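*Asks:* Take this structure first; my questions come after.
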Amino acid sequence: MSAGRAGTRNDITDVAGIAVGHFQRRGRDWLTGTTVVIPPVGTTAGVDVRGGGPGTRETDLLSPVNMVSTVDAICLSGGSAFGLDAASGVMAALEQRGRGFQIGAQPGSVVPIVPAAVVFDLGAGAGFRNRPDASFGARATSAASTRPLRQGTIGAGTGTHAAALKGGIGSASVRLEGGLTVAALVVLNCGGSPVDPATGELWGASRGVASEFAMLRRPSPADLRAFCELPWPPTQEPANTTLAVVATDGDLTKSELTRVAGAGHDGMARAIDPIHTYTDGDVVFTLATGAFPVPDAPSDGFIRPAVARFTQLAPIIAAAADVVTRAVVHATLRATSAGSMRSYADQLPSAIRSTQAAKPSRSPTAR
């Protein structure tokens with residue numbers, strides 16, 4: 001487990017300059033939405049795509065062997081492949097601000113770099129055709145701010161599930177010894193369960209920092225029995241996908257961020273069982289703002305400089321796994337019941353000593 005303490009907000013906005021915006025339509029008929037993460041200009045990015053059914057856009061660009069290293073936003077959306085259209089709205093909104101990859105010398109001639117990934121939530125609301133389009137991305141971009149992150153049943157987490165329970169948006173952060181920050185935002189939409197069926201406890205809760213999950217306890221036998229009787233999987237094979245954005249203020253390279261993204265998937269595996277199946281499209285994006293130097297470790301004459309650098313990166317990589325695990329727990333706890341999906345707090349109320357401690361977000365409203 002990585003050393004350190006939770007950031008002031010314990011969410012991805014603890015990384016200075018990271019802004020997040022959500023948008024979803026009002027009402028039960030629209031159990032879907034979009035979340036946009038906008039980093040400071042010049043932020044380097046990486047990605048690791050796993051699972052058998054990914055829905056992505058511009059992820060090949062983030063390969064360490066390809067040209068562009070920095071991004072202007074990350075778009076996470078519901079709507080399956082249809083929801084990738086939300087990224088077009090993000091691009092349009094950023095173009096209006098003059099932000100993007102500069103083409104030629106003429107001012108405003110930019111192509112915003114907006115990698116995107118989607119979760120499958122089609123049919124979670126009133127119908128198959130209720131899904132995000134470009135307007136969702138544009139409105140989420142307009143709503144983006146560096147204020148403390150709203151979590152739960154909101155944005156891309158509006159129509160998501162966590163096996164038989166309600167999924168949602170969750171986030172967590174850690175401030176490492178020396179001052180560097182690592183944080184994650186997760187869109188939880190998993191076919192595997194975040195809950196241990198033998199005890200009713202959350203797989204990832206053991207990774208909490210200090211008293212982060214002190215409100216949790218083993219649920220009553222009656223609540224556990226009722227949970228285990230929930231129908232899952234449904235008659236139709238579920239389509240899932242958990243998405244994450246891991247951000248740090250360290251000055252990591254594109255190839256180093258690719259390794260950090262892989263660690264983010266380790267964090268998913270600690271909190272969700274099973275994970276990375278053929279009906280998942282799990283993706284971890286990584287961002288490094290570069291504000292905090294990651295100095296090479298001093299060489300003693302025997303350790304090569306590259307190895308010394310890797311030694312300095314080890315705590316960051318470990319932290320990436322931990323913040324993703326903790327973000328999955330927060331997504332499970334902050335989710336509110338929607339449609340036919342009951343939240344963890346509603347289904348296993350005896351597992352939470354104080355519902356106030358979990359602070360779930362309100363039911364879907366436009367933002």
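Labels for the structure tokens follow display order: chains A, B, ..., residues from 1 in each chain, ligands from 1.
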Tell me which protein, DNA and RNA residues are within 10 Å of Gly178 in chain A, counting only C-alpha atoms, leaving out same-chain ones fewer than 6 positions away, and put them as a list in words.
*Replies:*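 Contacts, in chain order: Gly4, Phe292 and Val294 of chain A.
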*Asks:* Write out as a ChimeraX atom specification the residues lying within 12 Å of range 127-136 of chain A, counting only C-alpha atoms and excluding same-chain residues fewer than 2 positions away.
*Replies:* /A:21-36,75-93,118-125,138-143,155-156,158-159,366-367
*Asks:* What's the 9 Å shell around Gln151 in chain A, counting only C-alpha atoms, without same-chain residues fewer than 6 positions away, as a list in words?
*Replies:* Gly157, Gly168, Ile169, Gly170, Ser171, His330, Ala331, Arg334, Ala335, Pro360 and Ser361 of chain A
*Asks:* Of the residues A:Gly179, A:Val329, A:Phe101, A:Ala269, which is the one nearest to Ser69 in chain A, using only C-alpha atoms?
*Replies:*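 Smallest distance to Ser69 in chain A is found for A:Phe101.
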*Asks:* Give the alpha helix (DSSP H) residues of range 177-322 of chain A, as DSSP finds them on the backbone, and put them as an MDAnalysis selection string.
*Replies:* chainID A and resid 221:228 254:271 305:322
*Asks:* Please measure the separation of CA of Gly191 in chain A and CA of Thr56 in chain A, giving the value in Å to one decimal.
*Replies:* 18.7 Å
*Asks:* What's around range 12-19 of chain A at 8 Å? Count only C-alpha atoms, leave out sequence neighbours fewer than 5 positions away in its own chain, and write the answer as an MDAnalysis selection string.
*Replies:* chainID A and resid 7 37:40 144:149 171:173 181:185 246:249
*Asks:* Determine which residues of range 143-340 of chain A receive a DSSP assignment of strand (DSSP E or B), computed from the backbone, and state them as a ChimeraX atom specification.
*Replies:* /A:145,152,161-162,165-166,169-175,181-187,190,193,195,202,216,243-250,273,283-292,338
*Asks:* Mind dumping the selected residues with N, CA and C atoms as a compact mmCIF listing (two decimals), in the first residue's frame?
*Replies:*
```txt
# COMPACT_ATOMS: atom_id res chain seq x y z
N SER A 145 -15.19 22.73 -13.51
CA SER A 145 -14.60 23.65 -12.53
C SER A 145 -13.60 22.88 -11.68
N GLY A 152 -21.11 10.21 -7.25
CA GLY A 152 -22.32 9.41 -7.12
C GLY A 152 -23.05 9.25 -8.43
N HIS A 161 -24.12 0.65 -13.42
CA HIS A 161 -24.41 -0.36 -12.39
C HIS A 161 -23.11 -0.93 -11.85
N ALA A 162 -23.20 -1.58 -10.70
CA ALA A 162 -22.08 -2.28 -10.09
C ALA A 162 -22.58 -3.69 -9.78
N LEU A 165 -26.03 -3.88 -8.19
CA LEU A 165 -26.25 -2.63 -7.48
C LEU A 165 -26.07 -1.44 -8.41
N LYS A 166 -26.32 -0.24 -7.89
CA LYS A 166 -26.12 1.00 -8.65
C LYS A 166 -24.66 1.40 -8.62
N ILE A 169 -20.04 7.66 -10.00
CA ILE A 169 -18.76 8.34 -10.04
C ILE A 169 -18.13 8.31 -8.65
N GLY A 170 -16.85 7.98 -8.58
CA GLY A 170 -16.12 8.02 -7.32
C GLY A 170 -14.74 8.58 -7.53
N SER A 171 -14.13 9.10 -6.47
CA SER A 171 -12.81 9.70 -6.60
C SER A 171 -12.06 9.58 -5.29
N ALA A 172 -10.73 9.65 -5.36
CA ALA A 172 -9.87 9.59 -4.18
C ALA A 172 -8.52 10.18 -4.54
N SER A 173 -7.78 10.62 -3.52
CA SER A 173 -6.46 11.17 -3.75
C SER A 173 -5.52 10.78 -2.62
N VAL A 174 -4.23 10.93 -2.87
CA VAL A 174 -3.21 10.72 -1.84
C VAL A 174 -2.10 11.73 -2.05
N ARG A 175 -1.60 12.25 -0.97
CA ARG A 175 -0.44 13.15 -1.00
C ARG A 175 0.74 12.36 -0.45
N THR A 181 1.16 14.68 -5.45
CA THR A 181 -0.22 14.20 -5.32
C THR A 181 -0.56 13.24 -6.46
N VAL A 182 -1.27 12.18 -6.13
CA VAL A 182 -1.82 11.24 -7.10
C VAL A 182 -3.30 11.07 -6.78
N ALA A 183 -4.16 11.12 -7.80
CA ALA A 183 -5.60 11.03 -7.58
C ALA A 183 -6.27 10.28 -8.71
N ALA A 184 -7.49 9.83 -8.48
CA ALA A 184 -8.23 9.10 -9.51
C ALA A 184 -9.70 9.47 -9.48
N LEU A 185 -10.29 9.46 -10.66
CA LEU A 185 -11.74 9.54 -10.84
C LEU A 185 -12.16 8.26 -11.55
N VAL A 186 -13.21 7.61 -11.06
CA VAL A 186 -13.69 6.34 -11.62
C VAL A 186 -15.15 6.45 -12.00
N VAL A 187 -15.49 5.91 -13.18
CA VAL A 187 -16.88 5.69 -13.57
C VAL A 187 -17.13 4.19 -13.42
N CYS A 190 -19.61 -1.95 -13.61
CA CYS A 190 -18.94 -3.25 -13.66
C CYS A 190 -19.93 -4.42 -13.63
N SER A 193 -18.45 -7.74 -9.18
CA SER A 193 -19.03 -7.08 -8.01
C SER A 193 -17.97 -6.40 -7.16
N VAL A 195 -18.57 -6.06 -4.12
CA VAL A 195 -18.97 -6.58 -2.81
C VAL A 195 -18.55 -8.04 -2.68
N LEU A 202 -17.06 -4.41 1.17
CA LEU A 202 -16.51 -3.96 -0.09
C LEU A 202 -15.07 -4.44 -0.22
N LEU A 216 -17.84 2.02 7.69
CA LEU A 216 -18.27 0.71 7.18
C LEU A 216 -18.09 -0.39 8.21
N LEU A 243 -14.30 2.87 -16.12
CA LEU A 243 -13.34 3.84 -16.65
C LEU A 243 -12.67 4.57 -15.50
N ALA A 244 -11.41 4.97 -15.71
CA ALA A 244 -10.71 5.73 -14.68
C ALA A 244 -9.79 6.76 -15.33
N VAL A 245 -9.63 7.87 -14.63
CA VAL A 245 -8.61 8.86 -14.96
C VAL A 245 -7.73 9.01 -13.72
N VAL A 246 -6.45 8.70 -13.87
CA VAL A 246 -5.48 8.88 -12.79
C VAL A 246 -4.67 10.13 -13.11
N ALA A 247 -4.59 11.05 -12.17
CA ALA A 247 -3.87 12.30 -12.41
C ALA A 247 -2.81 12.50 -11.33
N THR A 248 -1.72 13.14 -11.72
CA THR A 248 -0.66 13.50 -10.78
C THR A 248 -0.09 14.85 -11.16
N ASP A 249 0.51 15.53 -10.19
CA ASP A 249 1.21 16.78 -10.49
C ASP A 249 2.68 16.54 -10.77
N GLY A 250 3.10 15.26 -10.84
CA GLY A 250 4.48 14.94 -11.17
C GLY A 250 4.80 15.20 -12.63
N ASP A 273 -14.58 -7.88 -8.68
CA ASP A 273 -14.34 -9.29 -9.01
C ASP A 273 -15.56 -9.90 -9.68
N VAL A 283 -10.92 0.95 -19.20
CA VAL A 283 -9.88 1.86 -19.69
C VAL A 283 -9.39 2.71 -18.52
N VAL A 284 -8.06 2.89 -18.45
CA VAL A 284 -7.47 3.85 -17.50
C VAL A 284 -6.67 4.87 -18.29
N PHE A 285 -7.06 6.14 -18.17
CA PHE A 285 -6.29 7.26 -18.70
C PHE A 285 -5.39 7.80 -17.58
N THR A 286 -4.25 8.36 -17.95
CA THR A 286 -3.38 8.98 -16.96
C THR A 286 -2.99 10.38 -17.42
N LEU A 287 -2.84 11.28 -16.46
CA LEU A 287 -2.49 12.68 -16.72
C LEU A 287 -1.37 13.10 -15.78
N ALA A 288 -0.42 13.85 -16.29
CA ALA A 288 0.65 14.42 -15.47
C ALA A 288 0.80 15.90 -15.81
N THR A 289 0.50 16.76 -14.85
CA THR A 289 0.54 18.20 -15.11
C THR A 289 1.97 18.73 -15.16
N GLY A 290 2.91 18.01 -14.56
CA GLY A 290 4.31 18.41 -14.60
C GLY A 290 4.71 19.50 -13.64
N ALA A 291 3.82 19.88 -12.72
CA ALA A 291 4.11 20.98 -11.81
C ALA A 291 5.11 20.59 -10.72
N PHE A 292 5.23 19.29 -10.44
CA PHE A 292 6.05 18.82 -9.33
C PHE A 292 7.20 17.99 -9.89
N ALA A 338 -31.43 4.31 -8.54
CA ALA A 338 -32.02 4.91 -9.74
C ALA A 338 -32.59 3.81 -10.60
```
*Asks:* Rank A:Ala117, A:Val111, A:Ala319, A:Leu94 by their smallest atom-to-atom distance to Ala263 in chain A, using only C-alpha atoms, and report the top residue only.
*Replies:* A:Ala319
*Asks:* Could you pull the residues within 12 Å of Arg259 in chain A, counting only C-alpha atoms, minus those fewer than 2 positions along the same chain, as a PyMOL selection string?
*Replies:* chain A and resi 45-49+63-64+246+252-257+261-266+284-287+310+313-314+316-318+320-321
*Asks:* Quick one: distance from CA of Gly52 in chain A to CA of Ala126 in chain A in Å, one decimal?
*Replies:*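 Separating CA of Gly52 in chain A from CA of Ala126 in chain A is a distance of 27.1 Å.
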*Asks:* CA of Arg97 in chain A to CA of Pro293 in chain A: how many Å, to one decimal?
*Replies:*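 Spanning CA of Arg97 in chain A to CA of Pro293 in chain A is a straight-line distance of 28.9 Å.
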*Asks:* Report as a PyMOL selection string all protein, DNA and RNA residues lying within 12 Å of Pro194 in chain A, evaluated on only C-alpha atoms, omitting residues in the same chain fewer than 2 positions from it.
*Replies:* chain A and resi 161-167+188-192+196-197+199-205+242+267-275+325-333+343-344
*Asks:* Please produce an output containing N, CA and C atoms for each residue in the selection, written as a compact mmCIF listing (two decimals), in the first residue's frame.
*Replies:*
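The result, stored in again-v6.txt:
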```txt
# COMPACT_ATOMS: atom_id res chain seq x y z
N HIS A 161 -24.12 0.65 -13.42
CA HIS A 161 -24.41 -0.36 -12.39
C HIS A 161 -23.11 -0.93 -11.85
N ALA A 162 -23.20 -1.58 -10.70
CA ALA A 162 -22.08 -2.28 -10.09
C ALA A 162 -22.58 -3.69 -9.78
N ALA A 163 -22.48 -4.56 -10.80
CA ALA A 163 -23.16 -5.86 -10.76
C ALA A 163 -24.65 -5.59 -10.54
N ALA A 164 -25.26 -6.15 -9.49
CA ALA A 164 -26.69 -5.97 -9.27
C ALA A 164 -27.03 -4.66 -8.58
N LEU A 165 -26.03 -3.88 -8.19
CA LEU A 165 -26.25 -2.63 -7.48
C LEU A 165 -26.07 -1.44 -8.41
N LYS A 166 -26.32 -0.24 -7.89
CA LYS A 166 -26.12 1.00 -8.65
C LYS A 166 -24.66 1.40 -8.62
N GLY A 167 -24.11 1.72 -9.78
CA GLY A 167 -22.77 2.26 -9.86
C GLY A 167 -22.79 3.78 -9.88
N LEU A 188 -17.87 3.83 -12.39
CA LEU A 188 -18.07 2.43 -12.04
C LEU A 188 -19.29 1.86 -12.77
N ASN A 189 -19.04 0.92 -13.66
CA ASN A 189 -20.11 0.26 -14.43
C ASN A 189 -19.68 -1.19 -14.68
N CYS A 190 -19.61 -1.95 -13.61
CA CYS A 190 -18.94 -3.25 -13.66
C CYS A 190 -19.93 -4.42 -13.63
N GLY A 191 -19.56 -5.48 -14.38
CA GLY A 191 -20.29 -6.74 -14.29
C GLY A 191 -19.85 -7.54 -13.09
N GLY A 192 -18.56 -7.45 -12.78
CA GLY A 192 -18.06 -8.02 -11.54
C GLY A 192 -18.58 -7.20 -10.37
N ASP A 196 -17.93 -8.36 -1.55
CA ASP A 196 -17.60 -9.75 -1.25
C ASP A 196 -18.90 -10.47 -0.87
N PRO A 197 -19.36 -11.46 -1.67
CA PRO A 197 -20.64 -12.10 -1.38
C PRO A 197 -20.63 -12.93 -0.11
N THR A 199 -19.34 -11.90 2.79
CA THR A 199 -19.45 -11.04 3.97
C THR A 199 -20.31 -9.81 3.75
N GLY A 200 -20.51 -9.39 2.48
CA GLY A 200 -21.22 -8.15 2.20
C GLY A 200 -20.34 -6.92 2.30
N GLU A 201 -19.06 -7.10 2.59
CA GLU A 201 -18.15 -5.97 2.68
C GLU A 201 -17.58 -5.63 1.31
N LEU A 202 -17.06 -4.41 1.17
CA LEU A 202 -16.51 -3.96 -0.09
C LEU A 202 -15.07 -4.44 -0.22
N TRP A 203 -14.77 -5.06 -1.37
CA TRP A 203 -13.44 -5.61 -1.58
C TRP A 203 -12.35 -4.55 -1.34
N GLY A 204 -12.58 -3.33 -1.78
CA GLY A 204 -11.53 -2.31 -1.77
C GLY A 204 -11.41 -1.52 -0.49
N ALA A 205 -12.29 -1.75 0.49
CA ALA A 205 -12.32 -0.90 1.68
C ALA A 205 -11.05 -1.02 2.51
N THR A 242 -15.66 -0.25 -16.72
CA THR A 242 -15.25 0.71 -15.70
C THR A 242 -14.15 1.57 -16.28
N GLY A 267 -5.54 -1.56 -9.55
CA GLY A 267 -6.47 -1.03 -8.56
C GLY A 267 -7.89 -1.49 -8.80
N MET A 268 -8.31 -1.55 -10.07
CA MET A 268 -9.64 -2.10 -10.37
C MET A 268 -9.75 -3.54 -9.91
N ALA A 269 -8.70 -4.32 -10.17
CA ALA A 269 -8.75 -5.74 -9.84
C ALA A 269 -8.84 -5.99 -8.34
N ARG A 270 -8.34 -5.07 -7.54
CA ARG A 270 -8.45 -5.21 -6.08
C ARG A 270 -9.87 -4.93 -5.58
N ALA A 271 -10.61 -4.14 -6.36
CA ALA A 271 -11.91 -3.66 -5.88
C ALA A 271 -13.10 -4.29 -6.57
N ILE A 272 -12.89 -4.99 -7.69
CA ILE A 272 -13.99 -5.54 -8.50
C ILE A 272 -13.64 -6.97 -8.88
N ASP A 273 -14.58 -7.88 -8.68
CA ASP A 273 -14.34 -9.29 -9.01
C ASP A 273 -15.56 -9.90 -9.68
N PRO A 274 -15.41 -10.40 -10.96
CA PRO A 274 -14.22 -10.36 -11.81
C PRO A 274 -14.11 -9.02 -12.54
N ILE A 275 -12.98 -8.83 -13.23
CA ILE A 275 -12.73 -7.61 -13.96
C ILE A 275 -12.09 -7.97 -15.30
N THR A 325 -8.55 1.93 -6.48
CA THR A 325 -9.30 1.05 -5.59
C THR A 325 -10.21 1.86 -4.68
N ARG A 326 -9.67 2.88 -4.06
CA ARG A 326 -10.45 3.71 -3.14
C ARG A 326 -11.57 4.45 -3.87
N ALA A 327 -11.30 4.89 -5.11
CA ALA A 327 -12.33 5.58 -5.88
C ALA A 327 -13.49 4.65 -6.21
N VAL A 328 -13.21 3.38 -6.46
CA VAL A 328 -14.28 2.41 -6.70
C VAL A 328 -15.16 2.30 -5.45
N VAL A 329 -14.54 2.26 -4.27
CA VAL A 329 -15.32 2.20 -3.03
C VAL A 329 -16.19 3.44 -2.89
N HIS A 330 -15.62 4.61 -3.14
CA HIS A 330 -16.41 5.84 -3.03
C HIS A 330 -17.55 5.87 -4.06
N ALA A 331 -17.30 5.36 -5.26
CA ALA A 331 -18.38 5.32 -6.26
C ALA A 331 -19.52 4.44 -5.76
N THR A 332 -19.19 3.33 -5.14
CA THR A 332 -20.22 2.42 -4.62
C THR A 332 -20.99 3.06 -3.48
N LEU A 333 -20.29 3.78 -2.61
CA LEU A 333 -20.94 4.39 -1.45
C LEU A 333 -21.72 5.65 -1.81
N SER A 343 -28.90 1.20 -4.56
CA SER A 343 -27.53 1.50 -4.15
C SER A 343 -27.09 0.55 -3.04
N TYR A 344 -25.78 0.52 -2.82
CA TYR A 344 -25.23 -0.27 -1.71
C TYR A 344 -25.83 0.20 -0.39
```
